[in-house]
Structure formats: C-alpha cells, structure tokens
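Just below is one structure, and these are the notes that go with it.
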Amino acid sequence: MEIFKNVPEIKYEGPESKNPLAFKYYDAEKVVMGKPMKEHLPFAMAWWHNLCATGVDMFGRGVADKSFGAKEGTMEHAKAKVDAGFEFMQKLGIKYFCFHDVDLVPEADDIKETNRRLDEISDYILEKMKGTDIKCLWGTANMFGNPRFMNGAGSSNSADVFAFAAAQVKKALDITVKLGGRGYVFWGGREGYETLLNTDVKFEQENIARLMKMAVEYGRSIGFKGDFYIEPKPKEPMKHQYDFDAATAIGFLKAHGLDKDFKLNIEANHATLAGHTFEHDLRISAINGMLGSIDANQGDMLLGWDTDEFPFDVYTSTMCMYEVLKAGGLTGGFNFDAKNRRPSYTQEDMFMGFILGMDTFALGLIKAAELIEDGRIDEFVKERYSSYYNTEIGKKILNNNTNLKELAEYADSLGKPELPGSGRQEMLEGIVNSVLFK
Ligand code: XUL
Ligand code: CO
C-alpha cells in the first residue's frame, strides 16, 4: 500500500527545473572526480527525525502526523514506519538508514519484551531489505531518553543503570549486525555533568571507556567488522559533555586504547555548537585517521542550540566535501540527522527537506572538486610552508636534526627576521567565490 501518495519517485531535472519534487543538482550517476555522485554521497535517512518526530517542542505538541495509518505505540505502527521508511528511501534513491533501538519499536517496561519486539521488527526490516539495495549505515542505542539515564549511561552513578546500558548496547549491536550495518554509534547524550559538586569526572570517564571496550569485544565476537563511532557534541542536554568536540573525543579514545576500533561521526550542528566550523572538526578527524561518518545538518547562527536543520548552506557543504575528498572519502556515509521546521509538517515537506539536503551536498561535491582541480588553494598552502623544504634550517627542523641551542645561534645570526609571507585570506576567499559562482 502506497503511503506517500502525493509524491512520485524523485528524479534529477537539473538547475533550471522549477519542480519542488525534483533534484536540481543531485544526479546519482553523474561522475565527479572519477566516481558517480551516489558513491561519493552515501546518504542515509535517520529513523528518529523522519519516521518518529512530529514537531513536539518545549512549548507545544506535535504537528506532523507520523502514524502512517496505524495506532501509535503499537507493533503495527512500528511496521507501518518500516513500510513508510522504505517507500520514502526508494522514492528518493537513498540507500542507507540509521536507527536507535527505541526508534524501531515502542519501549516496554521490561527489557526482555523490548528485545522481543526488536527481534520481530528486525526480521520485518530484513525481509523488506530483500529485493532492494537499501542497507543499514549505523545503529545505536538510545541511552538518554529513558528516565533511568538521567545521570548518563556509562557515566551513571548507578551500577544497575550501567548494566541496563550494557544490555541495550548488546542488543543494538545484535540488530546492527543482523541488518549488515557499516557502523555503530555512541552519541553520549547524557554522558556529561551539571555540577562538579556531585560528580567524579575521572570515575565517569573511565566507566564510559569500560562500556566502549565491552562493546568492541562483544561486537567483534559476533562478527561486526565495521567501525565504532563517537559522535562528539559539546552541550545539550548536559552542560559539560565528555565528548565535547573531535579533538576531545580523539584524546579520550587514545587515552583508553580505543582508537583502533573507533572513528568519529561528525555532526555539523554539533561542531558549530562547540565553537568550531564543521570543516574544522572534519579536518581534525581526518588528520588523525578518524574521519568515519557524517551527520549532515546545519544549525542557526542566531540560535544557541541543536536545531538539526536540513543543510542549505553551500559554502559549508563545499568546505565539507573539500575535506571529505581530500581524506579519500568516508567509510561511513552522510546521515541526514535533520528535521523539518515545525510548520513544515506535511508529507511533501519530508521529501523537500531531503531534496534540499541532497542537492546542497551534490553542489558541495561539484564545487569542492572544482576547487581541488583549480589547484590554487592547495598550491598556496604548500608554498606557505615552503621555508621548511627550501632552506637548510627548515629541513633540519623537519628531520628532527637540530636543537634549541643551534636554533638560538641561528636566530642570533638573523638580526631582525623577515615577516612570514601574507596569509592572503581575502584573495583565497575570492577564489572560493569565483569557483562557486562562475
Ligand atoms: C543528538 C544526535 C543524535 C545522534 C544519535 O544531537 O545527534 O541523534 O546522532 O544518537
Ligand atoms: Co547526530
């Protein structure tokens, strides 16, 4: 039974098209830098925003109908969401989905019953996957919504809550492996604290690492070959989050010996909440060999929280794709962890959100490839550091072949040194504009 009756299969019609239900830039087969767009851009649908969220906020009830013809809170509804999700992905040509355990089924009081429901729904999803090329990008456990996680999951002060978290991770890993997931995510929703007056930070961080180690051990034992990811976020819900940003998460992973099994899932709106650009956190991940996957969305400069908007800003998607291309692509994909604005509550809006996001990233890909092919930025950066390659003293520094004493003597011999060359930021920004708007 067709659920989105007013929406046809979404096709590429080109930038001149005025059809709101068509792609203007995302042309799946178009080859960019030797690969079709669909391979550069493994897009994913987030179960939670797209199939569950109705626009509830602190001030008002839901506005969007996500019942898909079934009574909410039932297994019929859980299955209707699967039907809706697969029709949605097929109409858009999206090949991946991401889920939390409790996005898939209504959570029961008893975890044994929740797990039974998860078995039932994952059988149903598996059946649906047959005959399509849709796959799971990553799974995760929601360890922040249930009241028991008020003080965190791995970081909880309660050993029983820690055990519940472990049970949920185990089951979510089972389901992820069953659905062939490429990755498994830890977003530390409530892994942080409000006040040091009641918190042992060292204890909590060590316990989070313990939970992650157990996840790696168990995951590998059931044949999970993919990457584990930390998804950094600086605040919301907790004031101090332990996975503040890419650099903090990398330090944590290295300190606890988790860096071989974990990479990062970088979310645009989380990076900007941390006071960074999206591309900053991508670069920090990439240079540490940990750029795994991306939660594609954007925030609002004028608002200080995680607005999870569909990506619209082409400057940012270009700089993102510049990082991704330079890093040689992602082992994960681009999950639209994004939701329609509350007044965009119709089924057509659900599609238009994804069309906007997919077109924004397609444009970003095209423009990033042009920037790389143009070569002026790369050349400038290379030249900027050339004194290390072109001078004797520079080579000595790079080869670890000098010391403070020798460098001090060298500095003495220089008198007043020349200033470093101009950074030429304005010129470089002009190059970006000339490539974007040619
Ligand atoms: C919350 C967020 C999560 C994770 C998965 O800000 O981004 O939805 O992506 O738990
Ligand atoms: Co996210």
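Just remember, in the structure tokens the first chain shown is A, the second B, etc., residues are 1-based per chain, and ligands are 1-based in the order shown.
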
Worksheet item: Got a sec to check which residues lie within 8 Å of ligand 1, using only C-alpha atoms and all ligand atoms, and send them as JSON, numbers by chain?
Response: {"A": [48, 99, 100, 140, 141, 142, 185, 186, 187, 188, 189, 231, 233, 236, 267, 270, 295, 306, 308, 337]}

All strand (DSSP E) residues (DSSP, backbone) inside segment 60-140 of chain A, as a PDB file with N, CA, C and O atoms, in the first residue's frame:
```pdb
ATOM      1  N   TYR A  96      20.665   4.098   2.472  1.00  0.00           N
ATOM      2  CA  TYR A  96      21.022   3.728   3.851  1.00  0.00           C
ATOM      3  C   TYR A  96      20.050   4.331   4.862  1.00  0.00           C
ATOM      4  O   TYR A  96      19.434   5.365   4.600  1.00  0.00           O
ATOM      5  N   PHE A  97      19.984   3.672   6.021  1.00  0.00           N
ATOM      6  CA  PHE A  97      19.227   4.255   7.137  1.00  0.00           C
ATOM      7  C   PHE A  97      20.027   4.083   8.423  1.00  0.00           C
ATOM      8  O   PHE A  97      20.922   3.233   8.510  1.00  0.00           O
ATOM      9  N   CYS A  98      19.707   4.928   9.415  1.00  0.00           N
ATOM     10  CA  CYS A  98      20.319   4.860  10.744  1.00  0.00           C
ATOM     11  C   CYS A  98      19.201   4.812  11.782  1.00  0.00           C
ATOM     12  O   CYS A  98      18.130   5.386  11.556  1.00  0.00           O
ATOM     13  N   PHE A  99      19.450   4.136  12.876  1.00  0.00           N
ATOM     14  CA  PHE A  99      18.377   3.993  13.878  1.00  0.00           C
ATOM     15  C   PHE A  99      18.918   3.935  15.298  1.00  0.00           C
ATOM     16  O   PHE A  99      20.063   3.528  15.526  1.00  0.00           O
ATOM     17  N   HIS A 100      18.081   4.348  16.259  1.00  0.00           N
ATOM     18  CA  HIS A 100      18.255   3.993  17.674  1.00  0.00           C
ATOM     19  C   HIS A 100      17.310   2.820  17.930  1.00  0.00           C
ATOM     20  O   HIS A 100      16.231   2.757  17.325  1.00  0.00           O
ATOM     21  N   LYS A 135      20.487  -0.460   2.682  1.00  0.00           N
ATOM     22  CA  LYS A 135      21.260  -1.107   3.753  1.00  0.00           C
ATOM     23  C   LYS A 135      21.268  -0.224   5.000  1.00  0.00           C
ATOM     24  O   LYS A 135      20.873   0.934   4.950  1.00  0.00           O
ATOM     25  N   CYS A 136      21.772  -0.813   6.086  1.00  0.00           N
ATOM     26  CA  CYS A 136      21.885  -0.047   7.328  1.00  0.00           C
ATOM     27  C   CYS A 136      23.243   0.661   7.345  1.00  0.00           C
ATOM     28  O   CYS A 136      24.273   0.030   7.103  1.00  0.00           O
ATOM     29  N   LEU A 137      23.241   1.973   7.597  1.00  0.00           N
ATOM     30  CA  LEU A 137      24.517   2.684   7.730  1.00  0.00           C
ATOM     31  C   LEU A 137      25.069   2.468   9.142  1.00  0.00           C
ATOM     32  O   LEU A 137      26.188   2.037   9.323  1.00  0.00           O
ATOM     33  N   TRP A 138      24.276   2.799  10.133  1.00  0.00           N
ATOM     34  CA  TRP A 138      24.688   2.513  11.515  1.00  0.00           C
ATOM     35  C   TRP A 138      23.485   2.407  12.442  1.00  0.00           C
ATOM     36  O   TRP A 138      22.414   2.942  12.168  1.00  0.00           O
ATOM     37  N   GLY A 139      23.734   1.692  13.518  1.00  0.00           N
ATOM     38  CA  GLY A 139      22.729   1.587  14.571  1.00  0.00           C
ATOM     39  C   GLY A 139      23.286   2.175  15.849  1.00  0.00           C
ATOM     40  O   GLY A 139      24.486   2.419  15.968  1.00  0.00           O
ATOM     41  N   THR A 140      22.397   2.399  16.798  1.00  0.00           N
ATOM     42  CA  THR A 140      22.829   2.900  18.102  1.00  0.00           C
ATOM     43  C   THR A 140      21.747   2.588  19.136  1.00  0.00           C
ATOM     44  O   THR A 140      20.629   2.232  18.778  1.00  0.00           O
TER      45      THR A 140
END
```

Discussion item. Which residue is closest to Ala286 of chain A? Choose from A:Val161, A:Ala247, A:Leu258, A:Val82 and count only C-alpha atoms.
Written reply: A:Ala247

Worksheet item: Which is closest to Asn157 of chain A among A:Glu204, A:Glu418, A:Glu13, A:Asp313, if we use only C-alpha atoms?
Response: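 Checking each of A:Glu204, A:Glu418, A:Glu13, A:Asp313 against Asn157 of chain A, counting only C-alpha atoms, the winner is A:Glu204.
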
Practice prompt. Have a look at A:Asn6, A:Thr318, A:Asn297, A:Asn288 and name the one nearest to Glu370 of chain A; count only C-alpha atoms.
Written response: A:Thr318
